[in-house]
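Here's target06.pdb, which has PDB, C-alpha atoms:
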```
ATOM      1  CA  MET A   1      87.512 -84.623 -32.862
ATOM      2  CA  SER A   2      84.665 -86.828 -34.080
ATOM      3  CA  ALA A   3      83.936 -87.243 -37.781
ATOM      4  CA  ASP A   4      80.505 -85.597 -37.347
ATOM      5  CA  ARG A   5      81.975 -82.558 -35.621
ATOM      6  CA  SER A   6      84.676 -82.292 -38.261
ATOM      7  CA  ARG A   7      82.050 -82.492 -41.006
ATOM      8  CA  ILE A   8      79.969 -79.699 -39.460
ATOM      9  CA  LEU A   9      83.067 -77.500 -39.183
ATOM     10  CA  ASP A  10      83.912 -78.265 -42.814
ATOM     11  CA  LEU A  11      80.406 -77.164 -43.853
ATOM     12  CA  LEU A  12      80.873 -73.979 -41.835
ATOM     13  CA  ALA A  13      84.287 -73.328 -43.370
ATOM     14  CA  GLY A  14      82.841 -73.942 -46.823
ATOM     15  CA  GLY A  15      80.131 -71.348 -46.194
ATOM     16  CA  LYS A  16      77.351 -73.921 -46.626
ATOM     17  CA  ILE A  17      75.966 -73.224 -43.163
ATOM     18  CA  THR A  18      76.114 -70.186 -40.896
ATOM     19  CA  ALA A  19      77.863 -69.984 -37.553
ATOM     20  CA  GLU A  20      74.467 -70.170 -35.858
ATOM     21  CA  GLU A  21      73.461 -73.290 -37.768
ATOM     22  CA  ALA A  22      76.819 -74.863 -36.957
ATOM     23  CA  GLU A  23      76.261 -74.035 -33.291
ATOM     24  CA  ARG A  24      72.828 -75.677 -33.373
ATOM     25  CA  LEU A  25      74.216 -78.774 -35.046
ATOM     26  CA  LEU A  26      77.099 -78.977 -32.591
ATOM     27  CA  ASP A  27      74.646 -78.585 -29.707
ATOM     28  CA  ALA A  28      72.546 -81.405 -31.144
ATOM     29  CA  LEU A  29      75.678 -83.491 -31.485
ATOM     30  CA  ASP A  30      76.693 -82.748 -27.900
ATOM     31  CA  ALA A  31      73.210 -83.645 -26.700
ATOM     32  CA  ARG A  32      73.471 -86.950 -28.515
ATOM     33  CA  THR A  33      76.918 -87.626 -27.077
ATOM     34  CA  SER A  34      75.906 -86.771 -23.529
ATOM     35  CA  SER A  35      72.835 -88.972 -23.715
ATOM     36  CA  ALA A  36      74.586 -91.847 -25.434
ATOM     37  CA  ALA A  37      74.890 -93.707 -22.155
ATOM     38  CA  GLU A  38      71.144 -93.550 -21.595
ATOM     39  CA  PRO A  39      69.215 -96.441 -23.096
ATOM     40  CA  ALA A  40      66.467 -94.275 -24.631
ATOM     41  CA  GLY A  41      68.365 -91.326 -26.145
ATOM     42  CA  PRO A  42      67.303 -88.920 -28.878
ATOM     43  CA  ALA A  43      66.859 -90.252 -32.393
ATOM     44  CA  PHE A  44      69.653 -88.043 -33.836
ATOM     45  CA  LYS A  45      72.438 -90.299 -35.037
ATOM     46  CA  GLY A  46      75.468 -89.805 -37.217
ATOM     47  CA  ASP A  47      74.782 -87.877 -40.363
ATOM     48  CA  PRO A  48      74.044 -84.140 -39.827
ATOM     49  CA  GLU A  49      72.725 -83.772 -43.411
ATOM     50  CA  PRO A  50      69.047 -84.304 -42.480
ATOM     51  CA  LEU A  51      69.338 -81.534 -39.884
ATOM     52  CA  ILE A  52      70.969 -79.239 -42.433
ATOM     53  CA  ALA A  53      68.315 -80.117 -44.993
ATOM     54  CA  ALA A  54      65.629 -79.192 -42.474
ATOM     55  CA  LEU A  55      66.961 -75.636 -42.142
ATOM     56  CA  PRO A  56      65.128 -72.999 -44.179
ATOM     57  CA  LYS A  57      66.773 -72.313 -47.506
ATOM     58  CA  TYR A  58      64.631 -69.586 -49.007
ATOM     59  CA  LEU A  59      63.113 -66.272 -48.062
ATOM     60  CA  TYR A  60      59.602 -65.918 -49.475
ATOM     61  CA  VAL A  61      57.738 -62.695 -50.102
ATOM     62  CA  LYS A  62      54.124 -63.089 -51.223
ATOM     63  CA  VAL A  63      51.912 -60.139 -51.982
ATOM     64  CA  LEU A  64      48.254 -60.585 -52.887
ATOM     65  CA  ALA A  65      46.775 -57.229 -53.805
ATOM     66  CA  ALA A  66      43.047 -56.620 -53.740
ATOM     67  CA  ASN A  67      43.222 -55.265 -57.296
ATOM     68  CA  GLY A  68      44.460 -58.637 -58.563
ATOM     69  CA  ASP A  69      48.194 -57.930 -58.723
ATOM     70  CA  ASN A  70      50.084 -60.823 -57.197
ATOM     71  CA  VAL A  71      53.807 -60.914 -56.519
ATOM     72  CA  ASP A  72      55.620 -64.008 -55.408
ATOM     73  CA  VAL A  73      59.369 -63.835 -54.765
ATOM     74  CA  LYS A  74      61.614 -66.651 -53.595
ATOM     75  CA  ILE A  75      65.182 -65.690 -52.688
ATOM     76  CA  PRO A  76      67.901 -68.096 -51.529
ATOM     77  CA  ILE A  77      68.997 -67.201 -47.992
ATOM     78  CA  VAL A  78      72.626 -67.557 -49.076
ATOM     79  CA  LEU A  79      71.970 -64.704 -51.511
ATOM     80  CA  VAL A  80      70.534 -62.545 -48.717
ATOM     81  CA  ARG A  81      73.573 -63.292 -46.576
ATOM     82  CA  SER A  82      75.975 -62.642 -49.423
ATOM     83  CA  GLY A  83      74.221 -59.375 -50.291
ATOM     84  CA  LEU A  84      74.314 -58.155 -46.705
ATOM     85  CA  LYS A  85      78.007 -58.990 -46.459
ATOM     86  CA  LEU A  86      78.564 -57.045 -49.643
ATOM     87  CA  THR A  87      77.102 -53.913 -48.050
ATOM     88  CA  SER A  88      79.986 -53.777 -45.580
ATOM     89  CA  LEU A  89      82.412 -53.472 -48.518
ATOM     90  CA  ILE A  90      80.703 -50.707 -50.451
ATOM     91  CA  PRO A  91      82.871 -47.551 -50.590
ATOM     92  CA  PRO A  92      81.796 -44.943 -47.997
ATOM     93  CA  LEU A  93      80.846 -42.303 -50.578
ATOM     94  CA  ALA A  94      78.631 -44.732 -52.481
ATOM     95  CA  MET A  95      77.136 -45.974 -49.226
ATOM     96  CA  ASP A  96      76.244 -42.437 -48.158
ATOM     97  CA  LYS A  97      74.454 -41.931 -51.462
ATOM     98  CA  ILE A  98      72.590 -45.227 -51.065
ATOM     99  CA  ASN A  99      71.536 -44.294 -47.533
ATOM    100  CA  ASP A 100      70.391 -40.844 -48.677
ATOM    101  CA  THR A 101      68.380 -42.269 -51.552
ATOM    102  CA  MET A 102      66.778 -44.897 -49.353
ATOM    103  CA  SER A 103      65.979 -42.271 -46.754
ATOM    104  CA  GLU A 104      64.310 -40.129 -49.426
ATOM    105  CA  HIS A 105      62.105 -43.109 -50.241
ATOM    106  CA  GLY A 106      61.136 -43.647 -46.624
ATOM    107  CA  MET A 107      63.550 -46.444 -45.775
ATOM    108  CA  SER A 108      65.886 -45.089 -43.155
ATOM    109  CA  VAL A 109      68.215 -48.075 -42.913
ATOM    110  CA  ASP A 110      71.819 -47.113 -42.318
ATOM    111  CA  PHE A 111      73.928 -49.824 -43.918
ATOM    112  CA  ASN A 112      77.036 -48.321 -42.291
ATOM    113  CA  ASN A 113      75.827 -49.947 -39.091
ATOM    114  CA  PHE A 114      75.910 -53.424 -40.621
ATOM    115  CA  LYS A 115      78.933 -55.210 -39.204
ATOM    116  CA  PRO A 116      80.046 -58.487 -40.833
ATOM    117  CA  GLU A 117      79.923 -60.250 -37.478
ATOM    118  CA  ASP A 118      76.282 -59.216 -36.969
ATOM    119  CA  ILE A 119      75.116 -60.490 -40.333
ATOM    120  CA  ASP A 120      75.024 -64.176 -39.417
ATOM    121  CA  GLU A 121      73.002 -63.276 -36.347
ATOM    122  CA  LEU A 122      70.662 -61.211 -38.497
ATOM    123  CA  ILE A 123      70.218 -64.073 -40.960
ATOM    124  CA  GLY A 124      69.623 -66.435 -38.055
ATOM    125  CA  GLY A 125      66.878 -64.106 -36.875
ATOM    126  CA  LEU A 126      65.385 -63.999 -40.367
ATOM    127  CA  ARG A 127      64.929 -67.749 -40.297
ATOM    128  CA  ASP A 128      62.547 -67.499 -37.355
ATOM    129  CA  MET A 129      60.794 -64.425 -38.688
ATOM    130  CA  GLU A 130      57.320 -64.377 -40.178
ATOM    131  CA  VAL A 131      55.505 -61.229 -41.221
ATOM    132  CA  ASN A 132      51.798 -61.324 -42.031
ATOM    133  CA  VAL A 133      50.043 -58.135 -43.076
ATOM    134  CA  ASP A 134      46.327 -58.031 -43.812
ATOM    135  CA  ALA A 135      45.449 -54.534 -44.945
ATOM    136  CA  GLN A 136      41.977 -53.061 -44.704
ATOM    137  CA  ASN A 137      41.761 -52.783 -48.484
ATOM    138  CA  GLY A 138      42.263 -56.531 -48.818
ATOM    139  CA  ASP A 139      45.971 -56.552 -49.622
ATOM    140  CA  THR A 140      47.929 -59.272 -47.889
ATOM    141  CA  VAL A 141      51.690 -59.546 -47.504
ATOM    142  CA  ARG A 142      53.537 -62.560 -46.174
ATOM    143  CA  VAL A 143      57.268 -62.714 -45.560
ATOM    144  CA  TYR A 144      58.735 -65.918 -44.184
ATOM    145  CA  CYS A 145      61.548 -68.410 -44.515
ATOM    146  CA  ALA A 146      61.139 -72.066 -45.394
TER
ATOM    147  CA  MET B   1      81.068 -75.492 -54.193
ATOM    148  CA  ASN B   2      77.982 -73.716 -55.522
ATOM    149  CA  LEU B   3      77.714 -73.366 -59.266
ATOM    150  CA  PRO B   4      76.867 -69.936 -60.617
ATOM    151  CA  PRO B   5      73.492 -69.600 -62.350
ATOM    152  CA  LEU B   6      73.212 -71.766 -65.448
ATOM    153  CA  VAL B   7      69.970 -70.686 -67.039
ATOM    154  CA  LEU B   8      67.492 -67.840 -66.795
ATOM    155  CA  ASP B   9      63.998 -69.034 -67.615
ATOM    156  CA  LEU B  10      61.609 -66.210 -68.402
ATOM    157  CA  ARG B  11      57.940 -66.767 -69.238
ATOM    158  CA  VAL B  12      55.507 -64.046 -70.118
ATOM    159  CA  VAL B  13      51.860 -64.933 -70.628
ATOM    160  CA  SER B  14      49.538 -62.187 -71.725
ATOM    161  CA  SER B  15      45.912 -62.322 -72.677
ATOM    162  CA  GLN B  16      46.569 -59.896 -75.520
ATOM    163  CA  ARG B  17      49.701 -61.473 -77.013
ATOM    164  CA  ARG B  18      51.242 -64.826 -77.707
ATOM    165  CA  PRO B  19      52.974 -66.414 -74.717
ATOM    166  CA  VAL B  20      56.727 -65.902 -74.695
ATOM    167  CA  ARG B  21      59.237 -68.233 -73.149
ATOM    168  CA  LEU B  22      62.898 -67.260 -73.071
ATOM    169  CA  TRP B  23      65.482 -69.740 -71.984
ATOM    170  CA  LEU B  24      68.688 -67.782 -71.587
ATOM    171  CA  PRO B  25      71.803 -69.933 -71.232
ATOM    172  CA  LEU B  26      73.762 -67.896 -68.705
ATOM    173  CA  PHE B  27      76.543 -70.463 -68.681
ATOM    174  CA  LEU B  28      77.577 -69.153 -72.092
ATOM    175  CA  LEU B  29      78.421 -65.859 -70.387
ATOM    176  CA  TRP B  30      80.753 -67.470 -67.888
ATOM    177  CA  PRO B  31      83.893 -67.306 -70.099
ATOM    178  CA  LEU B  32      83.190 -63.649 -70.874
ATOM    179  CA  ALA B  33      82.573 -62.900 -67.193
ATOM    180  CA  LEU B  34      85.787 -64.689 -66.309
ATOM    181  CA  VAL B  35      87.835 -62.599 -68.744
ATOM    182  CA  LEU B  36      86.195 -59.331 -67.670
ATOM    183  CA  GLY B  37      86.571 -60.338 -64.033
ATOM    184  CA  LEU B  38      90.271 -61.030 -64.402
ATOM    185  CA  VAL B  39      90.849 -57.697 -66.157
ATOM    186  CA  ALA B  40      88.860 -55.877 -63.484
ATOM    187  CA  LEU B  41      90.793 -57.781 -60.824
ATOM    188  CA  LEU B  42      94.077 -56.402 -62.148
ATOM    189  CA  PHE B  43      92.718 -52.857 -61.946
ATOM    190  CA  THR B  44      91.315 -53.300 -58.458
ATOM    191  CA  ILE B  45      94.554 -54.806 -57.149
ATOM    192  CA  VAL B  46      96.502 -51.809 -58.495
ATOM    193  CA  ALA B  47      93.899 -49.383 -57.142
ATOM    194  CA  ASP B  48      93.890 -51.033 -53.704
ATOM    195  CA  ALA B  49      97.697 -51.016 -53.578
ATOM    196  CA  ALA B  50      97.739 -47.322 -54.513
ATOM    197  CA  LEU B  51      95.066 -46.479 -51.917
ATOM    198  CA  LEU B  52      96.963 -48.433 -49.286
ATOM    199  CA  VAL B  53     100.217 -46.595 -50.075
ATOM    200  CA  LEU B  54      98.357 -43.271 -49.946
ATOM    201  CA  GLY B  55      97.046 -44.241 -46.525
ATOM    202  CA  ARG B  56      93.364 -44.195 -47.410
ATOM    203  CA  ARG B  57      91.053 -46.029 -45.050
ATOM    204  CA  TYR B  58      89.062 -47.672 -47.833
ATOM    205  CA  HIS B  59      91.105 -50.039 -49.985
ATOM    206  CA  HIS B  60      88.788 -52.984 -50.494
ATOM    207  CA  TYR B  61      87.878 -52.820 -54.172
ATOM    208  CA  THR B  62      89.390 -56.258 -54.853
ATOM    209  CA  VAL B  63      87.367 -57.878 -52.066
ATOM    210  CA  LEU B  64      84.287 -55.981 -53.264
ATOM    211  CA  LEU B  65      84.769 -57.364 -56.780
ATOM    212  CA  VAL B  66      85.261 -60.937 -55.582
ATOM    213  CA  ARG B  67      82.259 -60.730 -53.246
ATOM    214  CA  SER B  68      80.158 -59.247 -56.053
ATOM    215  CA  PHE B  69      80.901 -62.263 -58.232
ATOM    216  CA  GLU B  70      80.119 -64.494 -55.270
ATOM    217  CA  THR B  71      76.779 -62.737 -54.775
ATOM    218  CA  VAL B  72      75.882 -63.119 -58.446
ATOM    219  CA  GLY B  73      76.760 -66.791 -58.103
ATOM    220  CA  GLN B  74      74.308 -67.157 -55.223
ATOM    221  CA  THR B  75      71.335 -65.995 -57.296
ATOM    222  CA  ARG B  76      70.669 -69.570 -58.349
ATOM    223  CA  GLY B  77      67.247 -70.624 -57.130
ATOM    224  CA  THR B  78      65.729 -67.159 -57.225
ATOM    225  CA  VAL B  79      62.150 -67.097 -58.473
ATOM    226  CA  ILE B  80      60.148 -63.964 -59.201
ATOM    227  CA  ARG B  81      56.512 -64.250 -60.232
ATOM    228  CA  PHE B  82      54.116 -61.490 -61.012
ATOM    229  CA  SER B  83      50.588 -61.853 -62.201
ATOM    230  CA  ASN B  84      47.475 -59.796 -62.650
ATOM    231  CA  GLU B  85      44.298 -60.228 -64.646
ATOM    232  CA  LYS B  86      46.034 -59.667 -67.989
ATOM    233  CA  THR B  87      49.656 -60.713 -67.594
ATOM    234  CA  ALA B  88      51.736 -63.308 -65.811
ATOM    235  CA  VAL B  89      55.513 -63.090 -65.652
ATOM    236  CA  ASP B  90      57.623 -65.867 -64.255
ATOM    237  CA  MET B  91      61.397 -65.553 -63.935
ATOM    238  CA  THR B  92      63.493 -68.391 -62.577
ATOM    239  CA  VAL B  93      67.263 -68.471 -62.166
ATOM    240  CA  GLN B  94      68.407 -72.079 -62.345
TER
END
```

Translate this structure into structure tokens?
Amino acid sequence: MSADRSRILDLLAGGKITAEEAERLLDALDARTSSAAEPAGPAFKGDPEPLIAALPKYLYVKVLAANGDNVDVKIPIVLVRSGLKLTSLIPPLAMDKINDTMSEHGMSVDFNNFKPEDIDELIGGLRDMEVNVDAQNGDTVRVYCA
Amino acid sequence: MNLPPLVLDLRVVSSQRRPVRLWLPLFLLWPLALVLGLVALLFTIVADAALLVLGRRYHHYTVLLVRSFETVGQTRGTVIRFSNEKTAVDMTVQ
């Protein structure tokens, strides 16, 4: 096993990157290896840190209300991932109450359906997500990762 | 390894009052959290063992406790800002 591959797996084992990110990095590494014989290969060489640094680290929620109220929230993606993983460990009785309360407030998300193995995929999807809402009354909402 | 949050920086600026800046050294709470966590850990281990012996499906209180601490530790870098015409609140977990 190459040192680069070993380093990526160490980062994955240490929880610093997700399985999806590790897959992307390994793919990039494979692409580099397969094209190594070609004289004009991709610029990716050696250290995977720049690639890791380029991955989004934060989830941003920005709300600009027409009445002047502005909300700006920046949440580390590792916190989102950790929080979602926590939901799979909440006792069933407590989870039922949470689901009921959320349903009463118009958010019918059933956290019982969150499987630990799906969470990395969900987080991976979040990274590519961008929500832009421009309401008629002038309110704007932006949710994105960067 | 990620360090748990060190400092909570809270700033409140209001047009009607003096600006307030609170710099809360969360790292001073770490020893207390460690002691409370260890005590809670003992209880959860006993509870999980009892639930396991009783054949209950849910016996993950210890993992829940550990993951909860892990989640609190991941709050570092969180920024919440709110502002309107009169007030601006800025909370940063560093």

Counting only C-alpha atoms, which residues of chain A sit at most 6 Å from some atom of chain B, and what is each one's closest atom pair with its distance in Å to one decimal, listed by chain and rising residue number, as JSON lines?
```
{"residue": "A:Gly68", "atom": "CA", "partner": "B:Asn84", "partner_atom": "CA", "distance": 5.2}
{"residue": "A:Asp69", "atom": "CA", "partner": "B:Asn84", "partner_atom": "CA", "distance": 4.4}
{"residue": "A:Asn70", "atom": "CA", "partner": "B:Ser83", "partner_atom": "CA", "distance": 5.1}
{"residue": "A:Val71", "atom": "CA", "partner": "B:Phe82", "partner_atom": "CA", "distance": 4.5}
{"residue": "A:Asp72", "atom": "CA", "partner": "B:Arg81", "partner_atom": "CA", "distance": 4.9}
{"residue": "A:Val73", "atom": "CA", "partner": "B:Ile80", "partner_atom": "CA", "distance": 4.5}
{"residue": "A:Lys74", "atom": "CA", "partner": "B:Val79", "partner_atom": "CA", "distance": 4.9}
{"residue": "A:Ile75", "atom": "CA", "partner": "B:Thr78", "partner_atom": "CA", "distance": 4.8}
{"residue": "A:Leu79", "atom": "CA", "partner": "B:Gln74", "partner_atom": "CA", "distance": 5.0}
{"residue": "A:Ser82", "atom": "CA", "partner": "B:Thr71", "partner_atom": "CA", "distance": 5.4}
{"residue": "A:Leu89", "atom": "CA", "partner": "B:Leu64", "partner_atom": "CA", "distance": 5.7}
```

I'd like the interatomic distance between CA of Ile98 in chain A and CA of Leu122 in chain A, to a tenth of an Å.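 It comes out at 20.4 Å.
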
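Picture a line from CA of Thr44 in chain B to CA of Ile90 in chain A; it runs 13.5 Å.
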
Could you write out as a PyMOL selection string the residues that the PyMOL selection byres ((chain B and resi 23-29) around 9) matches in the shown file? chain B and resi 4-11+21-22+30-34

Padded axis-aligned box of range 77-86 of chain A (8 Å per side), centre and edge lengths, Å, one decimal, as AutoDock Vina command-line options:
```
--center_x 73.8 --center_y -62.3 --center_z -49.0 --size_x 25.6 --size_y 26.5 --size_z 21.1
```

Between CA of Cys145 in chain A and CA of Pro56 in chain A, what is the spacing in Å?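 The value is 5.8 Å.
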
Hey, what comes out of the PyMOL selection byres ((chain A and resi 12) around 12) on this file? Could you write it as an NGL selection string? :A and (5-11 or 13-26 or 52 or 120)

Translate the PyMOL selection byres ((chain A and resi 128) around 10) into a concrete residue list for this structure, as a PyMOL selection string. chain A and resi 56+123-127+129-130+144-146

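Among the candidate residues A:Val63, A:Met95, A:Leu29, A:Ile77, the one lying nearest to Asn112 in chain A is A:Met95, with distances computed using only C-alpha atoms.
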
Residue neighbourhood Leu84 in chain A, 8 Å, all atoms listed in the file, exclusion window fewer than 4 positions, as number ranges by chain: A: 80, 88, 114, 119
